[in-house]
>>> print(open('coords_33.txt').read())   # compact mmCIF, C-alpha atoms
# COMPACT_ATOMS: atom_id res chain seq x y z
CA MET A 1 -4.63 7.56 18.92
CA SER A 2 -6.18 10.13 16.64
CA GLY A 3 -8.25 7.65 14.63
CA ILE A 4 -6.41 8.15 11.34
CA LYS A 5 -6.03 4.95 9.35
CA LEU A 6 -3.59 4.57 6.50
CA LEU A 7 -2.07 1.67 4.59
CA ARG A 8 1.20 -0.15 5.22
CA THR A 9 2.92 -2.67 3.02
CA ILE A 10 3.00 -6.24 4.29
CA ARG A 11 5.04 -9.19 3.09
CA PHE A 12 4.13 -12.80 3.69
CA ASP A 13 7.06 -14.24 1.75
CA GLY A 14 9.68 -13.26 -0.83
CA THR A 15 7.33 -13.27 -3.82
CA ASP A 16 7.39 -9.49 -4.30
CA ASP A 17 11.17 -9.65 -4.76
CA ARG A 18 10.66 -11.94 -7.74
CA VAL A 19 7.59 -10.22 -9.17
CA PHE A 20 8.52 -6.53 -9.07
CA ALA A 21 11.64 -4.75 -10.34
CA LEU A 22 11.85 -3.11 -6.90
CA ALA A 23 9.90 -4.59 -4.00
CA ALA A 24 8.80 -2.47 -1.05
CA GLN A 25 9.93 -3.56 2.37
CA GLY A 26 7.31 -4.71 4.85
CA GLY A 27 5.91 -1.94 7.05
CA GLU A 28 6.31 1.00 4.65
CA TRP A 29 3.44 3.44 4.41
CA ALA A 30 1.79 2.93 1.03
CA VAL A 31 -0.30 4.60 -1.64
CA SER A 32 -1.88 3.22 -4.79
CA GLY A 33 0.85 4.59 -7.04
CA ALA A 34 -1.20 4.33 -10.23
CA PHE A 35 0.15 7.75 -11.21
CA ALA A 36 3.44 6.05 -12.14
CA PHE A 37 1.73 4.47 -15.15
CA ALA A 38 -0.27 7.50 -16.35
CA ASP A 39 1.94 8.16 -19.38
CA LEU A 40 2.77 4.57 -20.32
CA ALA A 41 1.31 3.11 -23.48
CA ALA A 42 -0.33 -0.30 -23.23
CA GLU A 43 2.52 -1.88 -25.21
CA ALA A 44 5.01 -0.65 -22.57
CA LEU A 45 3.22 -2.68 -19.90
CA THR A 46 5.24 -5.87 -20.13
CA GLY A 47 7.13 -8.07 -17.69
CA ARG A 48 7.74 -6.64 -14.24
CA THR A 49 6.28 -3.27 -15.26
CA ARG A 50 3.05 -5.06 -16.12
CA GLN A 51 3.09 -6.84 -12.76
CA ALA A 52 3.59 -3.54 -10.91
CA PHE A 53 0.80 -1.96 -12.94
CA ALA A 54 -1.65 -4.82 -12.51
CA GLY A 55 -1.28 -5.38 -8.79
CA GLY A 56 1.28 -3.31 -6.93
CA PHE A 57 0.88 -0.68 -4.23
CA LEU A 58 3.71 1.86 -3.90
CA GLY A 59 5.73 2.01 -0.67
CA VAL A 60 6.68 5.62 0.11
CA GLU A 61 10.10 4.89 1.63
CA SER A 62 11.71 2.68 -1.02
CA PHE A 63 9.24 3.53 -3.81
CA GLY A 64 9.09 -0.20 -4.44
CA ARG A 65 5.92 -2.22 -4.98
CA SER A 66 3.93 -4.48 -2.68
CA THR A 67 1.17 -6.94 -3.52
CA PHE A 68 -0.57 -6.49 -0.17
CA VAL A 69 -1.20 -3.59 2.19
CA THR A 70 -2.82 -3.61 5.59
CA VAL A 71 -4.90 -1.01 7.38
CA ALA A 72 -2.92 0.53 10.25
CA GLU A 73 -3.38 3.34 12.75
CA ALA A 74 -1.41 6.48 12.00
CA ALA A 75 -0.73 9.82 13.61
CA PRO A 76 -1.27 13.12 11.77
CA SER A 77 2.52 13.47 11.67
CA ASP A 78 2.72 10.14 9.78
CA ARG A 79 0.25 11.42 7.19
CA ASP A 80 2.20 14.68 6.86
CA GLU A 81 5.47 12.79 6.38
CA ILE A 82 3.94 10.54 3.71
CA VAL A 83 2.58 13.56 1.83
CA PHE A 84 5.97 15.29 1.99
CA ARG A 85 7.90 12.18 0.85
CA LEU A 86 5.49 11.68 -2.02
CA ALA A 87 5.74 15.34 -3.06
CA MET A 88 9.55 15.07 -3.07
CA HIS A 89 9.19 11.95 -5.25
CA PHE A 90 6.97 13.88 -7.67
CA VAL A 91 9.70 16.52 -7.99
CA ALA A 92 12.60 14.07 -8.30
CA ARG A 93 10.97 11.46 -10.55
CA TYR A 94 8.05 13.07 -12.36
CA GLY A 95 9.19 16.64 -13.01
CA ALA A 96 6.98 18.61 -10.62
CA PRO A 97 8.49 22.12 -10.50
CA ASP A 98 8.90 22.19 -6.70
CA ILE A 99 7.61 20.75 -3.42
CA GLU A 100 4.90 23.39 -3.02
CA ALA A 101 3.48 22.57 -6.45
CA ALA A 102 3.60 18.83 -5.72
CA LEU A 103 2.05 18.90 -2.24
CA PRO A 104 -1.62 19.13 -3.35
CA SER A 105 -1.33 16.09 -5.63
CA ALA A 106 0.56 14.14 -2.98
CA GLY A 107 -2.13 15.09 -0.45
CA GLU A 108 -4.87 13.83 -2.77
CA GLU A 109 -3.09 10.50 -3.24
CA VAL A 110 -2.75 10.01 0.53
CA ALA A 111 -6.35 11.16 1.15
CA PHE A 112 -7.57 8.57 -1.35
CA MET A 113 -5.73 5.80 0.52
CA ALA A 114 -7.08 7.12 3.84
CA SER A 115 -10.60 6.93 2.40
CA LEU A 116 -10.08 3.25 1.55
CA ALA A 117 -8.85 2.55 5.07
CA ALA A 118 -11.28 4.75 7.01
CA ASP A 119 -14.07 2.24 7.62
CA ALA A 120 -11.96 -0.92 7.57
CA PRO A 121 -10.88 -2.65 10.76
CA ILE A 122 -7.20 -2.49 11.67
CA ASN A 123 -5.28 -5.39 10.02
CA THR A 124 -7.66 -5.59 7.05
CA LEU A 125 -5.67 -6.61 3.96
CA LEU A 126 -6.14 -4.93 0.60
CA THR A 127 -5.09 -5.87 -2.91
CA VAL A 128 -5.43 -3.85 -6.08
CA HIS A 129 -6.22 -4.88 -9.65
CA ARG A 130 -5.60 -2.36 -12.43
CA VAL A 131 -6.54 -2.41 -16.08
CA LEU A 132 -6.48 0.03 -18.95
CA ASP A 133 -9.97 0.64 -20.32
CA ALA A 134 -10.72 1.06 -24.03
CA GLY A 135 -9.92 4.77 -23.78
CA GLY A 136 -6.52 4.13 -22.21
CA HIS A 137 -7.62 5.23 -18.72
CA ILE A 138 -6.43 3.38 -15.63
CA LYS A 139 -9.21 1.65 -13.70
CA GLU A 140 -8.54 0.31 -10.21
CA GLN A 141 -10.47 -2.24 -8.18
CA PHE A 142 -9.60 -2.86 -4.54
CA ARG A 143 -10.32 -6.10 -2.73
CA THR A 144 -10.44 -6.30 1.04
CA ILE A 145 -9.69 -9.32 3.17
CA LYS A 146 -11.05 -8.70 6.66
CA PRO A 147 -9.24 -9.91 9.76
CA PRO A 148 -10.85 -12.66 11.84
CA ALA A 149 -13.75 -11.36 13.95
CA SER A 150 -12.68 -13.21 17.08
CA GLU A 151 -10.68 -11.57 19.83
CA PRO A 152 -7.74 -11.54 19.98
CA PRO A 153 -7.10 -11.03 16.25
CA HIS A 154 -4.17 -13.48 16.29
CA ALA A 155 -4.24 -17.26 16.17
CA ARG A 156 -3.45 -19.08 19.37
CA ILE A 157 -0.32 -21.17 18.86
CA TRP A 158 -0.10 -22.83 22.29
CA LYS A 159 -2.10 -23.48 25.42
CA ILE A 160 -0.75 -23.39 28.97
CA GLU A 161 -1.78 -26.45 30.96
CA PRO A 162 -1.32 -26.68 34.73
CA ASP A 163 1.12 -29.30 36.04
CA GLU A 164 -0.55 -32.45 37.29
CA THR A 165 1.97 -32.95 40.13
>>> encode(input="coords_33.txt", output="structure tokens")
Amino acid sequence: MSGIKLLRTIRFDGTDDRVFALAAQGGEWAVSGAFAFADLAAEALTGRTRQAFAGGFLGVESFGRSTFVTVAEAAPSDRDEIVFRLAMHFVARYGAPDIEAALPSAGEEVAFMASLAADAPINTLLTVHRVLDAGGHIKEQFRTIKPPASEPPHARIWKIEPDET
């Protein structure tokens, strides 16, 4: 593998379906998605919009939100596809004039997520907490939850015992 790490949505239960207007599916590549709230006034941040603002990553397939993302290995072609999908979203949803104009911003968004994932072990979980500061600027804080240090990184659920016969 090329060593690129990006973020994927992960779902532990159905909570995101109840919290967000549109929940991302598990396994989607993800970005912060704070740009979606750049033009919203504080008084518009209510209900499910507030939940998405305060703690939702943006899945780049459904453009739904996810509470958790996990660090995952990616190929350069994955990164390129994410950038392209995000640029198309900027054109369709946010009025970018065309794909070429949107690509640099989409690339920056993906590069920022890659920077968060770069030094984290695979399977590290991340959450985000966003607030509006006194000047109306979005501030993000990311929390990481590292995977267990033991190998293998999964819990053992059974043990094979030899027959006593």
>>> residues_around(input="coords_33.txt", residues="range 87-96 of chain A", least_positions_apart="2", cutoff="9 Å", atoms="only C-alpha atoms", output="ChimeraX atom specification")
/A:36,60,63,82-85,98-107
>>> atom_distance(input="coords_33.txt", atom1="CA of Asn123 in chain A", atom2="CA of Ala21 in chain A")
26.5 Å
>>> atom_distance(input="coords_33.txt", atom1="CA of Asp119 in chain A", atom2="CA of Phe142 in chain A")
13.9 Å
>>> closest_residue(input="coords_33.txt", among="A:Thr124, A:Gln25, A:Thr46, A:Ser77", to="Phe12 in chain A", atoms="only C-alpha atoms")
A:Gln25
>>> atom_distance(input="coords_33.txt", atom1="CA of Ile122 in chain A", atom2="CA of Asp78 in chain A")
16.2 Å
>>> closest_residue(input="coords_33.txt", among="A:Leu22, A:Ile10, A:Val31, A:Ala38", to="Met113 in chain A", atoms="all atoms listed in the file")
A:Val31
>>> decode(input="coords_33.txt", residues="range 122-150 of chain A", atoms="N, CA, C and O atoms", output="JSON list (two decimals), in the first residue's frame")
[["chain", "number", "residue", "atom", "x", "y", "z"],
["A", 122, "ILE", "N", -3.85, 2.93, 11.99],
["A", 122, "ILE", "CA", -5.07, 2.46, 11.33],
["A", 122, "ILE", "C", -6.06, 2.06, 12.42],
["A", 122, "ILE", "O", -5.68, 1.53, 13.45],
["A", 123, "ASN", "N", -7.33, 2.33, 12.19],
["A", 123, "ASN", "CA", -8.45, 2.04, 13.10],
["A", 123, "ASN", "C", -8.59, 3.03, 14.24],
["A", 123, "ASN", "O", -9.44, 2.84, 15.11],
["A", 124, "THR", "N", -7.79, 4.09, 14.27],
["A", 124, "THR", "CA", -8.00, 5.15, 15.25],
["A", 124, "THR", "C", -9.33, 5.82, 14.94],
["A", 124, "THR", "O", -9.63, 6.12, 13.78],
["A", 125, "LEU", "N", -10.14, 6.06, 15.96],
["A", 125, "LEU", "CA", -11.41, 6.76, 15.80],
["A", 125, "LEU", "C", -11.21, 8.24, 16.04],
["A", 125, "LEU", "O", -10.39, 8.63, 16.87],
["A", 126, "LEU", "N", -11.97, 9.05, 15.31],
["A", 126, "LEU", "CA", -11.96, 10.49, 15.52],
["A", 126, "LEU", "C", -13.38, 10.99, 15.67],
["A", 126, "LEU", "O", -14.30, 10.46, 15.02],
["A", 127, "THR", "N", -13.54, 12.01, 16.51],
["A", 127, "THR", "CA", -14.78, 12.76, 16.61],
["A", 127, "THR", "C", -14.43, 14.22, 16.40],
["A", 127, "THR", "O", -13.27, 14.62, 16.53],
["A", 128, "VAL", "N", -15.44, 15.02, 16.11],
["A", 128, "VAL", "CA", -15.23, 16.45, 15.93],
["A", 128, "VAL", "C", -16.21, 17.20, 16.81],
["A", 128, "VAL", "O", -17.34, 16.75, 17.04],
["A", 129, "HIS", "N", -15.76, 18.35, 17.32],
["A", 129, "HIS", "CA", -16.63, 19.25, 18.07],
["A", 129, "HIS", "C", -16.43, 20.64, 17.47],
["A", 129, "HIS", "O", -15.31, 21.14, 17.42],
["A", 130, "ARG", "N", -17.53, 21.22, 17.00],
["A", 130, "ARG", "CA", -17.47, 22.55, 16.38],
["A", 130, "ARG", "C", -18.27, 23.55, 17.20],
["A", 130, "ARG", "O", -19.32, 23.23, 17.73],
["A", 131, "VAL", "N", -17.74, 24.78, 17.20],
["A", 131, "VAL", "CA", -18.43, 25.91, 17.81],
["A", 131, "VAL", "C", -18.23, 27.13, 16.93],
["A", 131, "VAL", "O", -17.29, 27.17, 16.12],
["A", 132, "LEU", "N", -19.11, 28.10, 17.11],
["A", 132, "LEU", "CA", -18.90, 29.41, 16.51],
["A", 132, "LEU", "C", -18.25, 30.29, 17.56],
["A", 132, "LEU", "O", -18.74, 30.38, 18.69],
["A", 133, "ASP", "N", -17.14, 30.95, 17.21],
["A", 133, "ASP", "CA", -16.50, 31.84, 18.17],
["A", 133, "ASP", "C", -17.25, 33.18, 18.19],
["A", 133, "ASP", "O", -18.22, 33.37, 17.45],
["A", 134, "ALA", "N", -16.79, 34.10, 19.00],
["A", 134, "ALA", "CA", -17.46, 35.40, 19.15],
["A", 134, "ALA", "C", -17.54, 36.17, 17.84],
["A", 134, "ALA", "O", -18.47, 36.95, 17.63],
["A", 135, "GLY", "N", -16.60, 35.92, 16.94],
["A", 135, "GLY", "CA", -16.60, 36.60, 15.65],
["A", 135, "GLY", "C", -17.41, 35.87, 14.58],
["A", 135, "GLY", "O", -17.43, 36.28, 13.43],
["A", 136, "GLY", "N", -18.04, 34.76, 14.96],
["A", 136, "GLY", "CA", -18.84, 34.00, 14.00],
["A", 136, "GLY", "C", -18.04, 33.03, 13.16],
["A", 136, "GLY", "O", -18.54, 32.49, 12.18],
["A", 137, "HIS", "N", -16.78, 32.77, 13.53],
["A", 137, "HIS", "CA", -15.93, 31.83, 12.81],
["A", 137, "HIS", "C", -16.08, 30.43, 13.38],
["A", 137, "HIS", "O", -16.19, 30.26, 14.59],
["A", 138, "ILE", "N", -16.03, 29.45, 12.50],
["A", 138, "ILE", "CA", -16.14, 28.06, 12.93],
["A", 138, "ILE", "C", -14.80, 27.59, 13.49],
["A", 138, "ILE", "O", -13.76, 27.74, 12.84],
["A", 139, "LYS", "N", -14.85, 27.03, 14.68],
["A", 139, "LYS", "CA", -13.66, 26.44, 15.31],
["A", 139, "LYS", "C", -13.93, 24.95, 15.47],
["A", 139, "LYS", "O", -14.99, 24.55, 15.96],
["A", 140, "GLU", "N", -12.95, 24.13, 15.08],
["A", 140, "GLU", "CA", -13.08, 22.69, 15.19],
["A", 140, "GLU", "C", -12.04, 22.13, 16.14],
["A", 140, "GLU", "O", -10.88, 22.55, 16.12],
["A", 141, "GLN", "N", -12.45, 21.15, 16.94],
["A", 141, "GLN", "CA", -11.55, 20.38, 17.78],
["A", 141, "GLN", "C", -11.79, 18.92, 17.44],
["A", 141, "GLN", "O", -12.94, 18.48, 17.37],
["A", 142, "PHE", "N", -10.70, 18.18, 17.26],
["A", 142, "PHE", "CA", -10.79, 16.76, 16.92],
["A", 142, "PHE", "C", -10.26, 15.95, 18.09],
["A", 142, "PHE", "O", -9.23, 16.28, 18.67],
["A", 143, "ARG", "N", -10.99, 14.91, 18.42],
["A", 143, "ARG", "CA", -10.59, 14.00, 19.48],
["A", 143, "ARG", "C", -10.27, 12.66, 18.86],
["A", 143, "ARG", "O", -11.01, 12.19, 17.99],
["A", 144, "THR", "N", -9.19, 12.06, 19.30],
["A", 144, "THR", "CA", -8.82, 10.74, 18.78],
["A", 144, "THR", "C", -8.99, 9.70, 19.87],
["A", 144, "THR", "O", -8.72, 9.96, 21.05],
["A", 145, "ILE", "N", -9.43, 8.53, 19.44],
["A", 145, "ILE", "CA", -9.56, 7.38, 20.32],
["A", 145, "ILE", "C", -8.72, 6.29, 19.67],
["A", 145, "ILE", "O", -9.09, 5.77, 18.61],
["A", 146, "LYS", "N", -7.57, 6.01, 20.26],
["A", 146, "LYS", "CA", -6.63, 5.07, 19.66],
["A", 146, "LYS", "C", -7.09, 3.63, 19.81],
["A", 146, "LYS", "O", -7.71, 3.28, 20.82],
["A", 147, "PRO", "N", -6.74, 2.80, 18.81],
["A", 147, "PRO", "CA", -7.09, 1.38, 18.92],
["A", 147, "PRO", "C", -6.24, 0.72, 20.00],
["A", 147, "PRO", "O", -5.20, 1.26, 20.39],
["A", 148, "PRO", "N", -6.66, -0.44, 20.49],
["A", 148, "PRO", "CA", -5.86, -1.14, 21.49],
["A", 148, "PRO", "C", -4.45, -1.40, 20.96],
["A", 148, "PRO", "O", -4.26, -1.65, 19.77],
["A", 149, "ALA", "N", -3.47, -1.35, 21.83],
["A", 149, "ALA", "CA", -2.07, -1.54, 21.43],
["A", 149, "ALA", "C", -1.71, -2.99, 21.21],
["A", 149, "ALA", "O", -0.71, -3.30, 20.58],
["A", 150, "SER", "N", -2.50, -3.91, 21.73],
["A", 150, "SER", "CA", -2.17, -5.32, 21.60],
["A", 150, "SER", "C", -2.41, -5.83, 20.18],
["A", 150, "SER", "O", -3.20, -5.28, 19.44]]
